[in-house]
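Asks: What follows is entry.cif, mmCIF, C-alpha atoms.
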data_my_file
#
loop_
_atom_site.label_atom_id
_atom_site.label_comp_id
_atom_site.auth_asym_id
_atom_site.auth_seq_id
_atom_site.Cartn_x
_atom_site.Cartn_y
_atom_site.Cartn_z
CA MET F 1 -62.30 -109.92 -162.80
CA PRO F 2 -59.25 -112.26 -162.73
CA ALA F 3 -58.07 -111.44 -159.21
CA ASP F 4 -56.75 -114.17 -156.90
CA MET F 5 -58.62 -112.73 -153.94
CA THR F 6 -61.49 -110.30 -153.35
CA PHE F 7 -62.39 -108.58 -150.11
CA LEU F 8 -65.63 -106.81 -149.30
CA ASP F 9 -65.14 -103.76 -147.13
CA LEU F 10 -66.88 -102.69 -143.97
CA GLU F 11 -64.17 -100.27 -142.91
CA ASP F 12 -62.84 -97.10 -144.58
CA SER F 13 -65.08 -97.18 -147.66
CA VAL F 14 -68.27 -97.29 -145.54
CA ALA F 15 -69.58 -94.13 -143.86
CA PRO F 16 -70.25 -94.37 -140.10
CA LEU F 17 -74.03 -94.13 -140.51
CA GLU F 18 -73.96 -97.08 -142.93
CA LYS F 19 -71.72 -99.41 -140.92
CA VAL F 20 -74.46 -101.59 -139.44
CA SER F 21 -76.67 -101.77 -142.55
CA ALA F 22 -73.65 -102.68 -144.70
CA ARG F 23 -73.28 -105.99 -142.89
CA LYS F 24 -76.44 -107.48 -144.42
CA LYS F 25 -75.34 -106.36 -147.88
CA VAL F 26 -72.01 -108.11 -147.42
CA VAL F 27 -73.65 -111.31 -146.20
CA ASP F 28 -76.01 -111.28 -149.17
CA ALA F 29 -73.08 -110.74 -151.56
CA VAL F 30 -71.03 -113.56 -150.05
CA ARG F 31 -73.91 -116.02 -150.18
CA ASN F 32 -75.44 -115.15 -153.54
CA LEU F 33 -72.82 -113.79 -155.94
CA ALA F 34 -70.67 -116.06 -158.10
CA TRP F 35 -67.15 -115.87 -156.66
CA ASP F 36 -65.58 -118.86 -158.49
CA ASP F 37 -62.67 -120.34 -156.52
CA ARG F 38 -60.95 -117.13 -155.47
CA VAL F 39 -60.15 -116.38 -151.84
CA LEU F 40 -63.06 -114.39 -150.40
CA CYS F 41 -62.52 -112.07 -147.47
CA VAL F 42 -64.37 -109.37 -145.52
CA ARG F 43 -62.53 -106.44 -143.95
CA VAL F 44 -64.14 -105.67 -140.62
CA ASN F 45 -63.68 -102.49 -138.62
CA GLY F 46 -60.69 -102.26 -136.29
CA TRP F 47 -60.70 -102.81 -132.55
CA ASP F 48 -60.43 -99.05 -131.99
CA THR F 49 -64.07 -98.72 -133.13
CA ARG F 50 -67.38 -99.94 -131.69
CA TRP F 51 -68.26 -102.13 -134.67
CA THR F 52 -65.70 -104.96 -134.68
CA TYR F 53 -67.51 -107.62 -132.65
CA GLY F 54 -70.81 -106.94 -134.45
CA ASP F 55 -69.11 -107.20 -137.83
CA VAL F 56 -67.61 -110.56 -136.96
CA ILE F 57 -70.71 -112.05 -135.36
CA GLU F 58 -73.15 -110.95 -138.06
CA VAL F 59 -71.01 -111.37 -141.16
CA VAL F 60 -69.11 -114.54 -140.28
CA GLY F 61 -72.15 -116.05 -138.63
CA GLY F 62 -74.36 -115.32 -141.62
CA SER F 63 -72.05 -115.93 -144.57
CA GLY F 64 -71.69 -119.69 -144.35
CA GLU F 65 -68.73 -121.73 -145.55
CA ARG F 66 -67.99 -119.61 -148.62
CA LEU F 67 -66.26 -116.92 -146.59
CA ASP F 68 -62.56 -117.72 -146.28
CA GLU F 69 -61.00 -114.88 -144.30
CA VAL F 70 -61.52 -111.83 -142.15
CA MET F 71 -59.19 -108.87 -142.54
CA LEU F 72 -58.27 -106.90 -139.42
CA PRO F 73 -57.28 -103.30 -140.21
CA LYS F 74 -54.89 -101.21 -138.14
CA ALA F 75 -53.54 -104.15 -136.16
CA GLN F 76 -51.55 -102.67 -133.31
CA SER F 77 -50.52 -105.70 -131.24
CA ALA F 78 -50.56 -109.47 -131.06
CA ALA F 79 -53.34 -109.21 -128.47
CA GLU F 80 -55.70 -107.76 -131.09
CA VAL F 81 -55.10 -110.73 -133.39
CA VAL F 82 -55.60 -113.16 -130.48
CA ALA F 83 -58.86 -111.42 -129.56
CA LEU F 84 -60.12 -111.82 -133.14
CA ASP F 85 -59.05 -115.47 -133.15
CA LEU F 86 -61.00 -116.18 -129.95
CA LEU F 87 -64.09 -114.40 -131.21
CA LEU F 88 -63.95 -116.28 -134.51
CA THR F 89 -63.75 -119.60 -132.65
CA GLN F 90 -66.98 -118.85 -130.78
CA VAL F 91 -68.74 -117.65 -133.94
CA GLU F 92 -67.68 -120.82 -135.78
CA LEU F 93 -68.96 -123.03 -132.97
CA ASN F 94 -72.31 -121.26 -132.92
CA SER F 95 -72.66 -121.19 -136.72
CA GLY F 96 -71.84 -124.80 -137.48
CA LEU F 97 -68.55 -123.94 -139.20
CA PRO F 98 -65.47 -126.13 -138.76
CA ALA F 99 -63.11 -124.85 -136.07
CA GLY F 100 -60.40 -122.74 -137.68
CA HIS F 101 -62.33 -122.36 -140.95
CA ILE F 102 -61.88 -118.57 -141.11
CA GLY F 103 -58.38 -117.24 -141.72
CA ILE F 104 -57.09 -113.83 -140.71
CA GLU F 105 -55.27 -111.15 -142.67
CA ALA F 106 -53.80 -108.32 -140.60
CA GLN F 107 -52.98 -104.85 -141.86
CA ILE F 108 -50.00 -102.85 -140.64
CA GLU F 109 -51.13 -99.24 -140.83
CA THR F 110 -49.68 -97.51 -137.76
CA ALA F 111 -46.33 -96.83 -136.17
CA ARG F 112 -47.20 -99.09 -133.22
CA GLY F 113 -48.31 -101.85 -135.56
CA LEU F 114 -44.95 -101.72 -137.33
CA ILE F 115 -43.05 -101.80 -134.03
CA ASN F 116 -45.02 -104.92 -133.04
CA VAL F 117 -45.18 -106.58 -136.46
CA GLU F 118 -43.03 -109.57 -135.46
CA GLU F 119 -45.36 -110.45 -132.59
CA ILE F 120 -48.43 -109.78 -134.74
CA CYS F 121 -47.24 -112.20 -137.43
CA ALA F 122 -46.74 -114.93 -134.81
CA ALA F 123 -49.96 -114.31 -132.89
CA SER F 124 -52.33 -116.91 -134.37
CA PRO F 125 -52.29 -120.03 -136.55
CA ARG F 126 -55.21 -118.45 -138.43
CA LEU F 127 -52.97 -115.68 -139.77
CA GLU F 128 -52.53 -116.12 -143.51
CA ALA F 129 -51.23 -112.74 -144.67
CA ILE F 130 -49.80 -109.46 -143.44
CA VAL F 131 -50.75 -106.39 -145.50
CA PHE F 132 -49.19 -102.92 -145.60
CA GLY F 133 -51.61 -99.98 -145.54
CA PRO F 134 -49.67 -96.95 -146.84
CA ALA F 135 -52.23 -94.16 -146.44
CA ASP F 136 -53.11 -94.77 -142.81
CA PHE F 137 -49.46 -95.44 -142.04
CA ALA F 138 -48.45 -92.10 -143.55
CA ALA F 139 -51.06 -90.41 -141.36
CA SER F 140 -49.82 -92.32 -138.31
CA ILE F 141 -46.27 -91.02 -138.67
CA GLU F 142 -47.49 -87.55 -139.75
CA MET F 143 -45.91 -87.72 -143.20
CA PRO F 144 -46.75 -84.47 -145.11
CA VAL F 145 -48.65 -86.07 -148.01
CA LEU F 146 -52.28 -86.19 -149.13
CA THR F 147 -52.19 -89.36 -151.27
CA GLY F 148 -51.12 -92.76 -149.96
CA GLY F 149 -49.27 -95.54 -151.72
CA VAL F 150 -47.48 -93.38 -154.30
CA GLN F 151 -43.92 -92.19 -154.75
CA ILE F 152 -42.84 -88.89 -153.20
CA ASP F 153 -40.66 -87.03 -155.70
CA GLN F 154 -39.22 -84.72 -153.07
CA TYR F 155 -37.71 -87.63 -151.11
CA PRO F 156 -34.33 -88.89 -152.42
CA GLY F 157 -35.18 -92.57 -152.33
CA ASP F 158 -37.97 -94.91 -151.32
CA HIS F 159 -39.63 -93.37 -148.27
CA PHE F 160 -41.18 -96.72 -147.27
CA HIS F 161 -38.21 -99.03 -147.88
CA TYR F 162 -37.59 -99.67 -144.18
CA VAL F 163 -41.29 -100.31 -143.61
CA PHE F 164 -41.47 -102.72 -146.54
CA SER F 165 -38.41 -104.65 -145.39
CA LYS F 166 -39.50 -104.91 -141.76
CA ILE F 167 -42.96 -106.22 -142.68
CA LEU F 168 -41.46 -108.65 -145.21
CA MET F 169 -39.01 -110.13 -142.70
CA ALA F 170 -41.74 -110.59 -140.09
CA GLY F 171 -44.05 -112.30 -142.57
CA ARG F 172 -41.40 -114.59 -144.02
CA ALA F 173 -40.13 -115.58 -140.57
CA ASN F 174 -43.64 -116.80 -139.75
CA GLY F 175 -44.50 -118.42 -143.07
CA ILE F 176 -47.34 -116.10 -144.09
CA GLN F 177 -47.97 -114.15 -147.28
CA VAL F 178 -46.82 -110.54 -147.48
CA ILE F 179 -48.97 -108.14 -149.51
CA ASP F 180 -48.51 -104.50 -150.52
CA GLY F 181 -51.51 -102.21 -150.20
CA PRO F 182 -53.22 -99.86 -152.65
CA PHE F 183 -51.91 -97.40 -155.22
CA LEU F 184 -54.52 -94.68 -155.29
CA LYS F 185 -53.78 -92.85 -158.56
CA VAL F 186 -55.82 -95.37 -160.48
CA ARG F 187 -55.52 -93.69 -163.90
CA GLU F 188 -51.69 -93.58 -163.91
CA LEU F 189 -51.01 -97.17 -164.93
CA GLU F 190 -47.41 -96.68 -166.05
CA LEU F 191 -46.53 -95.08 -162.75
CA PHE F 192 -48.43 -97.88 -161.04
CA ARG F 193 -46.38 -100.56 -162.84
CA ASP F 194 -43.14 -98.83 -162.00
CA TYR F 195 -44.04 -98.25 -158.37
CA CYS F 196 -45.44 -101.67 -157.54
CA ASN F 197 -42.42 -103.38 -159.10
CA ARG F 198 -40.51 -102.51 -155.90
CA ALA F 199 -42.72 -104.84 -153.87
CA HIS F 200 -42.25 -107.62 -156.42
CA VAL F 201 -38.47 -107.23 -156.49
CA LEU F 202 -38.24 -107.25 -152.69
CA GLY F 203 -40.13 -110.55 -152.59
CA TYR F 204 -43.72 -109.61 -151.78
CA ASP F 205 -46.39 -112.10 -152.80
CA GLY F 206 -48.80 -109.57 -154.29
CA LYS F 207 -50.39 -106.16 -154.17
CA TRP F 208 -53.89 -104.76 -153.95
CA ALA F 209 -55.87 -103.58 -156.94
CA VAL F 210 -58.41 -100.87 -156.12
CA HIS F 211 -59.58 -100.52 -159.72
CA PRO F 212 -60.22 -103.17 -162.39
CA ALA F 213 -57.59 -101.59 -164.66
CA GLN F 214 -54.88 -102.45 -162.12
CA ILE F 215 -55.54 -106.20 -162.13
CA GLU F 216 -53.88 -107.13 -165.44
CA PRO F 217 -50.60 -105.28 -164.75
CA LEU F 218 -50.41 -106.89 -161.32
CA ASN F 219 -51.04 -110.38 -162.66
CA GLN F 220 -48.33 -109.85 -165.29
CA LEU F 221 -45.85 -108.51 -162.78
CA PHE F 222 -46.27 -111.19 -160.13
CA THR F 223 -46.42 -114.11 -162.59
CA PRO F 224 -43.11 -115.50 -163.89
CA THR F 225 -42.61 -115.06 -167.61
CA ALA F 226 -42.59 -118.18 -169.78
CA GLU F 227 -38.82 -117.79 -170.10
CA GLU F 228 -38.33 -117.53 -166.33
CA PHE F 229 -40.60 -120.52 -165.78
CA GLU F 230 -38.72 -122.60 -168.35
CA LYS F 231 -35.33 -121.62 -166.92
CA ALA F 232 -36.40 -122.53 -163.38
CA HIS F 233 -37.49 -125.98 -164.56
CA ALA F 234 -34.18 -126.40 -166.38
CA ILE F 235 -32.23 -125.45 -163.26
CA LEU F 236 -34.10 -128.04 -161.21
CA ASP F 237 -33.49 -130.63 -163.89
CA ALA F 238 -29.76 -129.85 -164.08
CA LEU F 239 -29.31 -130.06 -160.32
CA ALA F 240 -31.31 -133.28 -160.10
CA ARG F 241 -29.21 -134.92 -162.83
CA ALA F 242 -25.97 -133.74 -161.21
CA ALA F 243 -26.99 -135.10 -157.81
CA ALA F 244 -28.29 -138.42 -159.11
CA GLY F 245 -25.58 -139.09 -161.68
CA GLU F 246 -22.40 -137.81 -160.07
CA GLY F 247 -23.32 -136.87 -156.52
CA ARG F 248 -22.64 -133.19 -157.16
CA GLY F 249 -24.55 -130.45 -155.37
CA ALA F 250 -23.38 -127.58 -157.57
CA VAL F 251 -22.86 -127.21 -161.32
CA MET F 252 -22.42 -124.53 -163.95
CA PHE F 253 -25.59 -123.45 -165.74
CA GLU F 254 -25.61 -120.83 -168.51
CA GLY F 255 -22.42 -119.25 -167.20
CA ALA F 256 -23.32 -119.16 -163.51
CA MET F 257 -22.92 -121.50 -160.59
CA ILE F 258 -26.13 -123.06 -159.33
CA ASP F 259 -26.49 -124.91 -156.03
CA GLU F 260 -29.02 -125.55 -153.26
CA ALA F 261 -29.73 -121.84 -152.72
CA ILE F 262 -30.54 -121.39 -156.40
CA ARG F 263 -32.65 -124.55 -156.31
CA LYS F 264 -34.86 -122.96 -153.63
CA LEU F 265 -35.35 -119.88 -155.81
CA ALA F 266 -36.21 -122.06 -158.79
CA VAL F 267 -38.76 -124.03 -156.75
CA GLN F 268 -40.47 -120.77 -155.80
CA THR F 269 -40.57 -119.62 -159.43
CA VAL F 270 -42.04 -122.92 -160.59
CA ALA F 271 -44.66 -122.82 -157.83
CA ARG F 272 -45.74 -119.29 -158.74
CA GLY F 273 -45.91 -120.17 -162.41
CA ALA F 274 -47.91 -123.32 -161.78
CA ALA F 275 -50.34 -121.37 -159.59
CA ALA F 276 -50.82 -118.93 -162.45
CA GLY F 277 -51.59 -121.75 -164.88
CA LEU F 278 -48.26 -122.09 -166.68
CA GLY F 279 -47.73 -125.63 -167.95
CA CYS F 280 -44.62 -127.77 -167.70
CA PRO F 281 -42.16 -126.55 -170.35
CA ALA F 282 -40.37 -128.67 -172.92
CA PRO F 283 -37.02 -130.16 -171.84
CA ARG F 284 -34.09 -127.75 -172.02
CA ARG F 285 -30.36 -128.46 -171.78
CA GLY F 286 -28.62 -127.05 -168.77
CA GLY F 287 -25.74 -127.66 -166.43
CA GLY F 288 -22.19 -128.90 -167.05
CA GLU F 289 -21.55 -126.53 -169.96
CA LYS F 290 -18.98 -127.63 -172.52
CA GLY F 291 -15.53 -126.35 -171.70
CA ILE F 292 -16.44 -125.31 -168.15
CA PRO F 293 -15.67 -127.81 -165.40
CA PRO F 294 -18.41 -128.42 -162.86
CA ILE F 295 -18.12 -126.68 -159.52
CA THR F 296 -17.96 -128.98 -156.53
CA ARG F 297 -17.86 -128.27 -152.84
#
Take the structure from the file and write it as structure tokens.

Replies:
Amino acid sequence: MPADMTFLDLEDSVAPLEKVSARKKVVDAVRNLAWDDRVLCVRVNGWDTRWTYGDVIEVVGGSGERLDEVMLPKAQSAAEVVALDLLLTQVELNSGLPAGHIGIEAQIETARGLINVEEICAASPRLEAIVFGPADFAASIEMPVLTGGVQIDQYPGDHFHYVFSKILMAGRANGIQVIDGPFLKVRELELFRDYCNRAHVLGYDGKWAVHPAQIEPLNQLFTPTAEEFEKAHAILDALARAAAGEGRGAVMFEGAMIDEAIRKLAVQTVARGAAAGLGCPAPRRGGGEKGIPPITR
């Protein structure tokens, strides 16, 4: 499956009586299945359970170098991330892994976690992503729904817009990826495309797929189109020529002013496209349109 990252779950999808035995299955999967070069992660149980330390010791200690990350669900405070960081350091030392080899992804799934999300995102240099968990969050704030991660028709707007924005700001301020969680109505792909577009438009880096059918729409949505990729390259080219040739930091491009702020957006688009395998486009004219004087400042 062409996903950028896969995580194996020890938390919500595993019944309590199977928690301990599931660890060996996860270790076997990490060591013996063909994972190509994707990011490989294991979601352990949260600190509010009795299984967290055993999950980390057995799974991280037994998986070897192929395991990239550990996901911490229901992160409530920076202290919980620090505790996981310290435990990972000891496991790495005792397992022959390089110090800092294992990254951390933290899930925001409770009201307290959202209140503390800024501190959580700054808690450890291991932290690579912050992830929103809509179903547990809805339960935490006692929202009257029975399905998580879907639109609520009775609410006149986006019921999670504040949550999305707060998590996004905390992640961006600390230079980590920001990921939306699952959409559980796996057979409603059109609704899925429409609903997950909100995360993309806000600036999220990606979203979970909980069914193989969701992967292709997500890859399409979060990958720049060929036209967007080409335009971003042309913007960078126009600004580079303007700066080198005439010392200008702003020019007209296809009817709009472009400057340093637009350059940053174009760099991000090019980086996302390159990561998705888009090649360098053919040269395209841009900047200094005929009849429109360049903007200077």

Asks: Find, counting all atoms listed in the file, the residue in F:Ser165, F:Asn94, F:Gln154, F:Thr49 that gets nearest to Gly61 in chain F.

Replies: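 Selected residue with least distance to Gly61 in chain F: F:Asn94.
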
Asks: May I ask which of the residues F:Arg126, F:Glu92, F:Leu33, F:Thr110 is the closest one to Glu69 in chain F, counting all atoms listed in the file?

Replies: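 For Glu69 in chain F, the nearest of the given residues is F:Arg126.
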
Asks: Name the closest residue to Thr225 in chain F among the candidates F:Gly277, F:Pro2, F:Pro182, F:Gly64; distances are taken between atoms, counting only C-alpha atoms.

Replies: F:Gly277

Asks: Report as an mmCIF file with C-alpha atoms, in the coordinates of the input the full result of the PyMOL selection byres ((chain F and resi 10) around 6) when it is applied to this structure.

Replies:
data_model
loop_
_atom_site.group_PDB
_atom_site.id
_atom_site.type_symbol
_atom_site.label_atom_id
_atom_site.label_comp_id
_atom_site.auth_asym_id
_atom_site.auth_seq_id
_atom_site.Cartn_x
_atom_site.Cartn_y
_atom_site.Cartn_z
ATOM 1 C CA ASP F 9 -65.140 -103.760 -147.130
ATOM 2 C CA GLU F 11 -64.170 -100.270 -142.910
ATOM 3 C CA VAL F 14 -68.270 -97.290 -145.540
ATOM 4 C CA ARG F 43 -62.530 -106.440 -143.950
ATOM 5 C CA VAL F 44 -64.140 -105.670 -140.620
#

Asks: Using all atoms listed in the file for the distances, tell me which of F:Val42, F:Val20, F:Ile130, F:Ala244 is nearest to Gly54 in chain F.

Replies: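 Of F:Val42, F:Val20, F:Ile130, F:Ala244, the one nearest Gly54 in chain F, counting all atoms listed in the file, is F:Val20.
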
Asks: Between F:Asp259, F:Glu246, F:Asp136, F:Glu228, which is the closest to Leu278 in chain F once you count all atoms listed in the file?

Replies: F:Glu228

Asks: Go through F:Gly133, F:Ala139, F:Leu191, F:Lys24 and flag the residue nearest Val163 in chain F, using all atoms listed in the file for the distances.

Replies: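 Of F:Gly133, F:Ala139, F:Leu191, F:Lys24, the one nearest Val163 in chain F, counting all atoms listed in the file, is F:Gly133.
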
Asks: Distance cut-off 8 Å, centre (-48.1, -111.8, -156.6) in file coordinates, counting all atoms listed in the file: which residues qualify? Return them as a list in words.

Replies: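 With a cut-off of 8 Å, the residues come to His200, Tyr204, Asp205, Gly206, Lys207, Leu218, Asn219, Leu221, Phe222 and Thr223 of chain F.
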
Asks: Using the chain letters and numbering of this document, enumerate as an MDAnalysis selection string the residues selected by the PyMOL selection byres ((chain F and resi 71) around 10).

Replies: chainID F and resid 7:11 41:46 69:70 72:75 84 103:107 127:131

Asks: Starting from the displayed file, determine the output of the PyMOL selection byres ((chain F and resi 1) around 8) and express the residue list as a PyMOL selection string.

Replies: chain F and resi 2-3+212+215

Asks: Could you tell me how far CA of Ser77 in chain F lies from CA of Asn116 in chain F, in Å and to one decimal?

Replies: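 Rounded to one decimal, the two atoms are 5.8 Å apart.
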
Asks: Can you measure CA of Glu80 in chain F to CA of Ala123 in chain F for me? One decimal in Å is fine.

Replies: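 These atoms are spaced 8.9 Å apart.
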
Asks: So the first atom is CA of Ile115 in chain F and the second is CA of Asp48 in chain F; what is the distance between them in Å, to one decimal place?

Replies: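 Going from CA of Ile115 in chain F over to CA of Asp48 in chain F, I get 17.7 Å.
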
Asks: Around range 205-214 of chain F, with edges along x, y and z and 6 Å added on all six sides, what centre and edge lengths do you get, in Å to one decimal, as lines of an AutoDock Vina configuration file?

Replies:
center_x = -53.3
center_y = -106.3
center_z = -158.7
size_x = 25.8
size_y = 23.6
size_z = 23.9

Asks: Give as a PyMOL selection string every residue, naming chains and numbers as the document does, that has an atom within 7 Å of (-49.6, -110.9, -135.8), counting only C-alpha atoms.

Replies: chain F and resi 77-78+81+106+117-124

Asks: Could I see range 247-259 of chain F restored to N, CA, C and O atoms, set down as an mmCIF file, in the frame of the given file?

Replies:
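Final output, result.cif:
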data_model
loop_
_atom_site.group_PDB
_atom_site.id
_atom_site.type_symbol
_atom_site.label_atom_id
_atom_site.label_comp_id
_atom_site.auth_asym_id
_atom_site.auth_seq_id
_atom_site.Cartn_x
_atom_site.Cartn_y
_atom_site.Cartn_z
ATOM 1 N N GLY F 247 -23.383 -137.261 -157.920
ATOM 2 C CA GLY F 247 -23.320 -136.870 -156.520
ATOM 3 C C GLY F 247 -22.861 -135.447 -156.301
ATOM 4 O O GLY F 247 -22.329 -135.122 -155.237
ATOM 5 N N ARG F 248 -23.065 -134.590 -157.291
ATOM 6 C CA ARG F 248 -22.640 -133.190 -157.160
ATOM 7 C C ARG F 248 -23.805 -132.313 -156.719
ATOM 8 O O ARG F 248 -24.916 -132.460 -157.202
ATOM 9 N N GLY F 249 -23.523 -131.368 -155.853
ATOM 10 C CA GLY F 249 -24.550 -130.450 -155.370
ATOM 11 C C GLY F 249 -24.506 -129.105 -156.025
ATOM 12 O O GLY F 249 -25.373 -128.267 -155.773
ATOM 13 N N ALA F 250 -23.497 -128.862 -156.874
ATOM 14 C CA ALA F 250 -23.380 -127.580 -157.570
ATOM 15 C C ALA F 250 -22.803 -127.812 -158.946
ATOM 16 O O ALA F 250 -21.907 -128.637 -159.124
ATOM 17 N N VAL F 251 -23.327 -127.101 -159.940
ATOM 18 C CA VAL F 251 -22.860 -127.210 -161.320
ATOM 19 C C VAL F 251 -22.893 -125.839 -161.960
ATOM 20 O O VAL F 251 -23.431 -124.882 -161.403
ATOM 21 N N MET F 252 -22.302 -125.751 -163.151
ATOM 22 C CA MET F 252 -22.420 -124.530 -163.950
ATOM 23 C C MET F 252 -23.667 -124.622 -164.817
ATOM 24 O O MET F 252 -23.969 -125.675 -165.386
ATOM 25 N N PHE F 253 -24.370 -123.512 -164.927
ATOM 26 C CA PHE F 253 -25.590 -123.450 -165.740
ATOM 27 C C PHE F 253 -25.632 -122.086 -166.404
ATOM 28 O O PHE F 253 -25.714 -121.063 -165.728
ATOM 29 N N GLU F 254 -25.545 -122.069 -167.728
ATOM 30 C CA GLU F 254 -25.610 -120.830 -168.510
ATOM 31 C C GLU F 254 -24.671 -119.756 -167.948
ATOM 32 O O GLU F 254 -25.014 -118.589 -167.791
ATOM 33 N N GLY F 255 -23.446 -120.192 -167.608
ATOM 34 C CA GLY F 255 -22.420 -119.250 -167.200
ATOM 35 C C GLY F 255 -22.405 -118.883 -165.736
ATOM 36 O O GLY F 255 -21.603 -118.049 -165.313
ATOM 37 N N ALA F 256 -23.273 -119.479 -164.936
ATOM 38 C CA ALA F 256 -23.320 -119.160 -163.510
ATOM 39 C C ALA F 256 -23.376 -120.438 -162.694
ATOM 40 O O ALA F 256 -23.894 -121.465 -163.143
ATOM 41 N N MET F 257 -22.838 -120.360 -161.486
ATOM 42 C CA MET F 257 -22.920 -121.500 -160.590
ATOM 43 C C MET F 257 -24.323 -121.602 -160.012
ATOM 44 O O MET F 257 -24.917 -120.604 -159.599
ATOM 45 N N ILE F 258 -24.844 -122.805 -159.992
ATOM 46 C CA ILE F 258 -26.130 -123.060 -159.330
ATOM 47 C C ILE F 258 -25.916 -124.133 -158.275
ATOM 48 O O ILE F 258 -25.158 -125.081 -158.462
ATOM 49 N N ASP F 259 -26.601 -123.949 -157.124
ATOM 50 C CA ASP F 259 -26.490 -124.910 -156.030
ATOM 51 C C ASP F 259 -27.807 -124.936 -155.269
ATOM 52 O O ASP F 259 -28.858 -124.544 -155.803
#
